[in-house]
Amino acid sequence: MMKRLLFIPILAWSAAMLMAQEKPRRAVYNELAGAAGIIGANFDSRFSANSHLGYRLGLAFNAGRTSDKSEGGACVYQGPAAVFEAYGLIGGTNHSLELGVGMMHGIFKRDYERDATPPLGMSSDPPEIWKYGYYGFANVGYRYQPAVGFFLRAGVNPTFVPETHYGISRFLVYPYLGLGFAF
């Protein structure tokens, strides 16, 4: 009887450990700057348990200057955005070089800087205008991700805009820092 009582918890513990090994590494974290713009909240997961390929989905608050040449760089934007990225990891189990590409899409309020002159024909107090905007980005960074526990990302996001009609940023390199929890 005693052997059975010991066998059941050992069997349950072994099954739990096997199931934990089959689950892909995941994380939730906040990101400062980088592709998020100012700040963002992200969910990150690998495609499978043993894969070095993964993705992240995030919501962010972004702000900056437009790339619309007709506005002479005097128009600023701010608003909510969604961040999507696919990445690959090179390196060890917990410490890796992260390389990825992604897109940021958002709806932004455009406004003029206080000391800028609005375009000809517009009043000095233009109406609120919300417009779609996006930019693409690459990702080069360091990642610390244990199976469970503290999660860290740090690196740079070079941004690019394939065209200027909806593009909201000139080519820039934004540093980032991501802190969160891996599970």
# chains A, B, ... in the order shown; residues from 1 in each chain; ligands from 1

call {"tool": "closest_atom_pairs", "arguments": {"of": "stretch 45-105 of chain A", "to": "stretch 137-157 of chain A", "cutoff": "10 Å", "atoms": "only C-alpha atoms", "output": "JSON lines"}}
result
{"residue": "A:Val83", "atom": "CA", "partner": "A:Phe137", "partner_atom": "CA", "distance": 10.0}
{"residue": "A:Phe84", "atom": "CA", "partner": "A:Phe137", "partner_atom": "CA", "distance": 9.9}
{"residue": "A:Glu85", "atom": "CA", "partner": "A:Phe137", "partner_atom": "CA", "distance": 8.7}
{"residue": "A:Ala86", "atom": "CA", "partner": "A:Asn139", "partner_atom": "CA", "distance": 9.5}
{"residue": "A:Tyr87", "atom": "CA", "partner": "A:Asn139", "partner_atom": "CA", "distance": 8.0}
{"residue": "A:Gly88", "atom": "CA", "partner": "A:Asn139", "partner_atom": "CA", "distance": 9.9}
{"residue": "A:Leu89", "atom": "CA", "partner": "A:Arg143", "partner_atom": "CA", "distance": 8.5}
{"residue": "A:Ile90", "atom": "CA", "partner": "A:Tyr142", "partner_atom": "CA", "distance": 9.8}
{"residue": "A:Gly91", "atom": "CA", "partner": "A:Arg143", "partner_atom": "CA", "distance": 9.7}
{"residue": "A:Gly92", "atom": "CA", "partner": "A:Tyr144", "partner_atom": "CA", "distance": 9.7}
{"residue": "A:Thr93", "atom": "CA", "partner": "A:Pro146", "partner_atom": "CA", "distance": 7.5}
{"residue": "A:Asn94", "atom": "CA", "partner": "A:Gln145", "partner_atom": "CA", "distance": 4.9}
{"residue": "A:His95", "atom": "CA", "partner": "A:Tyr144", "partner_atom": "CA", "distance": 4.8}
{"residue": "A:Ser96", "atom": "CA", "partner": "A:Arg143", "partner_atom": "CA", "distance": 5.2}
{"residue": "A:Leu97", "atom": "CA", "partner": "A:Tyr142", "partner_atom": "CA", "distance": 4.9}
{"residue": "A:Glu98", "atom": "CA", "partner": "A:Gly141", "partner_atom": "CA", "distance": 5.1}
{"residue": "A:Leu99", "atom": "CA", "partner": "A:Val140", "partner_atom": "CA", "distance": 4.9}
{"residue": "A:Gly100", "atom": "CA", "partner": "A:Asn139", "partner_atom": "CA", "distance": 4.8}
{"residue": "A:Val101", "atom": "CA", "partner": "A:Ala138", "partner_atom": "CA", "distance": 4.4}
{"residue": "A:Gly102", "atom": "CA", "partner": "A:Phe137", "partner_atom": "CA", "distance": 5.4}
{"residue": "A:Met103", "atom": "CA", "partner": "A:Phe137", "partner_atom": "CA", "distance": 6.1}
{"residue": "A:Met104", "atom": "CA", "partner": "A:Phe137", "partner_atom": "CA", "distance": 7.8}

call {"tool": "atom_distance", "arguments": {"atom1": "atom CA of A:Ala60", "atom2": "atom CA of A:Glu31"}}
result
8.6 Å

call {"tool": "atom_distance", "arguments": {"atom1": "atom CA of A:Lys109", "atom2": "atom CA of A:Gly37"}}
result
14.5 Å

call {"tool": "atom_distance", "arguments": {"atom1": "atom CA of A:Ile129", "atom2": "atom CA of A:Phe61"}}
result
17.0 Å

call {"tool": "closest_atom_pairs", "arguments": {"of": "stretch 50-110 of chain A", "to": "stretch 22-29 of chain A", "cutoff": "10 Å", "atoms": "only C-alpha atoms", "output": "Markdown table"}}
result
| residue | atom | partner | partner_atom | distance |
| --- | --- | --- | --- | --- |
| A:Asn50 | CA | A:Pro24 | CA | 7.1 |
| A:Ser51 | CA | A:Pro24 | CA | 7.8 |
| A:His52 | CA | A:Arg25 | CA | 9.9 |
| A:Gly54 | CA | A:Arg25 | CA | 9.2 |
| A:Tyr55 | CA | A:Arg26 | CA | 9.7 |
| A:Arg56 | CA | A:Ala27 | CA | 9.2 |
| A:Leu57 | CA | A:Val28 | CA | 9.8 |
| A:Gly58 | CA | A:Tyr29 | CA | 9.3 |

call {"tool": "residues_around", "arguments": {"residues": "A:Ile39", "least_positions_apart": "4", "cutoff": "10 Å", "atoms": "only C-alpha atoms", "output": "number ranges by chain"}}
result
A: 30-35, 59-63, 176-178

call {"tool": "select_by_dssp", "arguments": {"residues": "stretch 38-94 of chain A", "states": "strand (DSSP E)", "output": "mmCIF file with N, CA and C atoms, in the first residue's frame"}}
result
data_model
loop_
_atom_site.group_PDB
_atom_site.id
_atom_site.type_symbol
_atom_site.label_atom_id
_atom_site.label_comp_id
_atom_site.auth_asym_id
_atom_site.auth_seq_id
_atom_site.Cartn_x
_atom_site.Cartn_y
_atom_site.Cartn_z
ATOM 1 N N ILE A 39 6.342 52.927 -25.356
ATOM 2 C CA ILE A 39 6.197 51.788 -24.439
ATOM 3 C C ILE A 39 5.217 50.790 -25.042
ATOM 4 N N GLY A 40 5.438 49.514 -24.761
ATOM 5 C CA GLY A 40 4.554 48.491 -25.285
ATOM 6 C C GLY A 40 4.496 47.279 -24.380
ATOM 7 N N ALA A 41 3.419 46.507 -24.504
ATOM 8 C CA ALA A 41 3.241 45.248 -23.784
ATOM 9 C C ALA A 41 3.195 44.137 -24.828
ATOM 10 N N ASN A 42 3.958 43.057 -24.623
ATOM 11 C CA ASN A 42 4.119 42.024 -25.635
ATOM 12 C C ASN A 42 3.912 40.623 -25.088
ATOM 13 N N PHE A 43 3.443 39.734 -25.981
ATOM 14 C CA PHE A 43 3.417 38.289 -25.757
ATOM 15 C C PHE A 43 4.402 37.697 -26.749
ATOM 16 N N ASP A 44 5.257 36.793 -26.290
ATOM 17 C CA ASP A 44 6.325 36.231 -27.110
ATOM 18 C C ASP A 44 6.286 34.718 -26.982
ATOM 19 N N SER A 45 6.439 33.993 -28.095
ATOM 20 C CA SER A 45 6.430 32.531 -28.038
ATOM 21 C C SER A 45 7.292 31.963 -29.150
ATOM 22 N N ARG A 46 7.858 30.800 -28.887
ATOM 23 C CA ARG A 46 8.549 30.048 -29.929
ATOM 24 C C ARG A 46 7.495 29.225 -30.662
ATOM 25 N N LEU A 53 13.009 29.504 -33.621
ATOM 26 C CA LEU A 53 12.195 30.489 -34.338
ATOM 27 C C LEU A 53 10.970 30.819 -33.506
ATOM 28 N N GLY A 54 10.560 32.089 -33.538
ATOM 29 C CA GLY A 54 9.407 32.494 -32.741
ATOM 30 C C GLY A 54 8.757 33.749 -33.277
ATOM 31 N N TYR A 55 7.812 34.261 -32.502
ATOM 32 C CA TYR A 55 7.063 35.456 -32.883
ATOM 33 C C TYR A 55 6.713 36.242 -31.631
ATOM 34 N N ARG A 56 6.350 37.506 -31.863
ATOM 35 C CA ARG A 56 5.819 38.312 -30.772
ATOM 36 C C ARG A 56 4.676 39.152 -31.303
ATOM 37 N N LEU A 57 3.700 39.400 -30.441
ATOM 38 C CA LEU A 57 2.548 40.249 -30.716
ATOM 39 C C LEU A 57 2.484 41.267 -29.597
ATOM 40 N N GLY A 58 2.276 42.526 -29.938
ATOM 41 C CA GLY A 58 2.273 43.530 -28.893
ATOM 42 C C GLY A 58 1.344 44.689 -29.158
ATOM 43 N N LEU A 59 0.995 45.395 -28.096
ATOM 44 C CA LEU A 59 0.244 46.646 -28.166
ATOM 45 C C LEU A 59 1.155 47.724 -27.615
ATOM 46 N N ALA A 60 1.147 48.892 -28.269
ATOM 47 C CA ALA A 60 2.112 49.922 -27.899
ATOM 48 C C ALA A 60 1.493 51.310 -27.983
ATOM 49 N N PHE A 61 2.185 52.263 -27.377
ATOM 50 C CA PHE A 61 1.889 53.680 -27.570
ATOM 51 C C PHE A 61 3.099 54.260 -28.276
ATOM 52 N N ASN A 62 2.865 54.856 -29.438
ATOM 53 C CA ASN A 62 3.950 55.332 -30.273
ATOM 54 C C ASN A 62 3.790 56.817 -30.532
ATOM 55 N N ALA A 63 4.883 57.512 -30.716
ATOM 56 C CA ALA A 63 4.864 58.936 -31.053
ATOM 57 C C ALA A 63 6.142 59.272 -31.808
ATOM 58 N N GLY A 64 6.073 60.298 -32.647
ATOM 59 C CA GLY A 64 7.252 60.707 -33.406
ATOM 60 C C GLY A 64 6.899 61.752 -34.443
ATOM 61 N N ARG A 65 7.721 61.849 -35.471
ATOM 62 C CA ARG A 65 7.518 62.806 -36.557
ATOM 63 C C ARG A 65 7.162 62.063 -37.829
ATOM 64 N N CYS A 75 5.032 67.978 -38.645
ATOM 65 C CA CYS A 75 3.880 67.249 -38.125
ATOM 66 C C CYS A 75 4.343 66.118 -37.222
ATOM 67 N N VAL A 76 3.799 66.071 -36.024
ATOM 68 C CA VAL A 76 4.102 64.988 -35.089
ATOM 69 C C VAL A 76 2.882 64.084 -34.980
ATOM 70 N N TYR A 77 3.111 62.842 -34.583
ATOM 71 C CA TYR A 77 2.019 61.890 -34.435
ATOM 72 C C TYR A 77 2.128 61.213 -33.084
ATOM 73 N N GLN A 78 0.984 60.701 -32.618
ATOM 74 C CA GLN A 78 0.958 59.881 -31.408
ATOM 75 C C GLN A 78 -0.309 59.060 -31.415
ATOM 76 N N GLY A 79 -0.230 57.848 -30.874
ATOM 77 C CA GLY A 79 -1.412 57.003 -30.817
ATOM 78 C C GLY A 79 -1.092 55.548 -30.552
ATOM 79 N N PRO A 80 -2.145 54.722 -30.485
ATOM 80 C CA PRO A 80 -1.973 53.294 -30.211
ATOM 81 C C PRO A 80 -1.493 52.553 -31.449
ATOM 82 N N ALA A 81 -0.765 51.456 -31.209
ATOM 83 C CA ALA A 81 -0.214 50.681 -32.320
ATOM 84 C C ALA A 81 -0.163 49.206 -31.964
ATOM 85 N N ALA A 82 -0.075 48.376 -32.993
ATOM 86 C CA ALA A 82 0.130 46.934 -32.834
ATOM 87 C C ALA A 82 1.478 46.577 -33.445
ATOM 88 N N VAL A 83 2.223 45.717 -32.761
ATOM 89 C CA VAL A 83 3.553 45.318 -33.208
ATOM 90 C C VAL A 83 3.547 43.816 -33.476
ATOM 91 N N PHE A 84 4.058 43.417 -34.644
ATOM 92 C CA PHE A 84 4.168 42.010 -35.032
ATOM 93 C C PHE A 84 5.603 41.751 -35.466
ATOM 94 N N GLU A 85 6.202 40.662 -34.970
ATOM 95 C CA GLU A 85 7.582 40.343 -35.336
ATOM 96 C C GLU A 85 7.784 38.837 -35.399
ATOM 97 N N ALA A 86 8.592 38.398 -36.356
ATOM 98 C CA ALA A 86 9.081 37.019 -36.427
ATOM 99 C C ALA A 86 10.583 37.085 -36.200
ATOM 100 N N TYR A 87 11.125 36.138 -35.429
ATOM 101 C CA TYR A 87 12.543 36.202 -35.087
ATOM 102 C C TYR A 87 13.173 34.818 -35.067
ATOM 103 N N GLY A 88 14.493 34.824 -35.081
ATOM 104 C CA GLY A 88 15.292 33.624 -34.913
ATOM 105 C C GLY A 88 16.324 33.874 -33.831
ATOM 106 N N LEU A 89 16.680 32.830 -33.093
ATOM 107 C CA LEU A 89 17.664 32.948 -32.016
ATOM 108 C C LEU A 89 18.909 32.142 -32.364
ATOM 109 N N ILE A 90 20.064 32.726 -32.077
ATOM 110 C CA ILE A 90 21.339 32.053 -32.299
ATOM 111 C C ILE A 90 22.053 32.031 -30.954
ATOM 112 N N GLY A 91 22.448 30.853 -30.517
ATOM 113 C CA GLY A 91 23.177 30.783 -29.253
ATOM 114 C C GLY A 91 22.660 29.693 -28.344
#
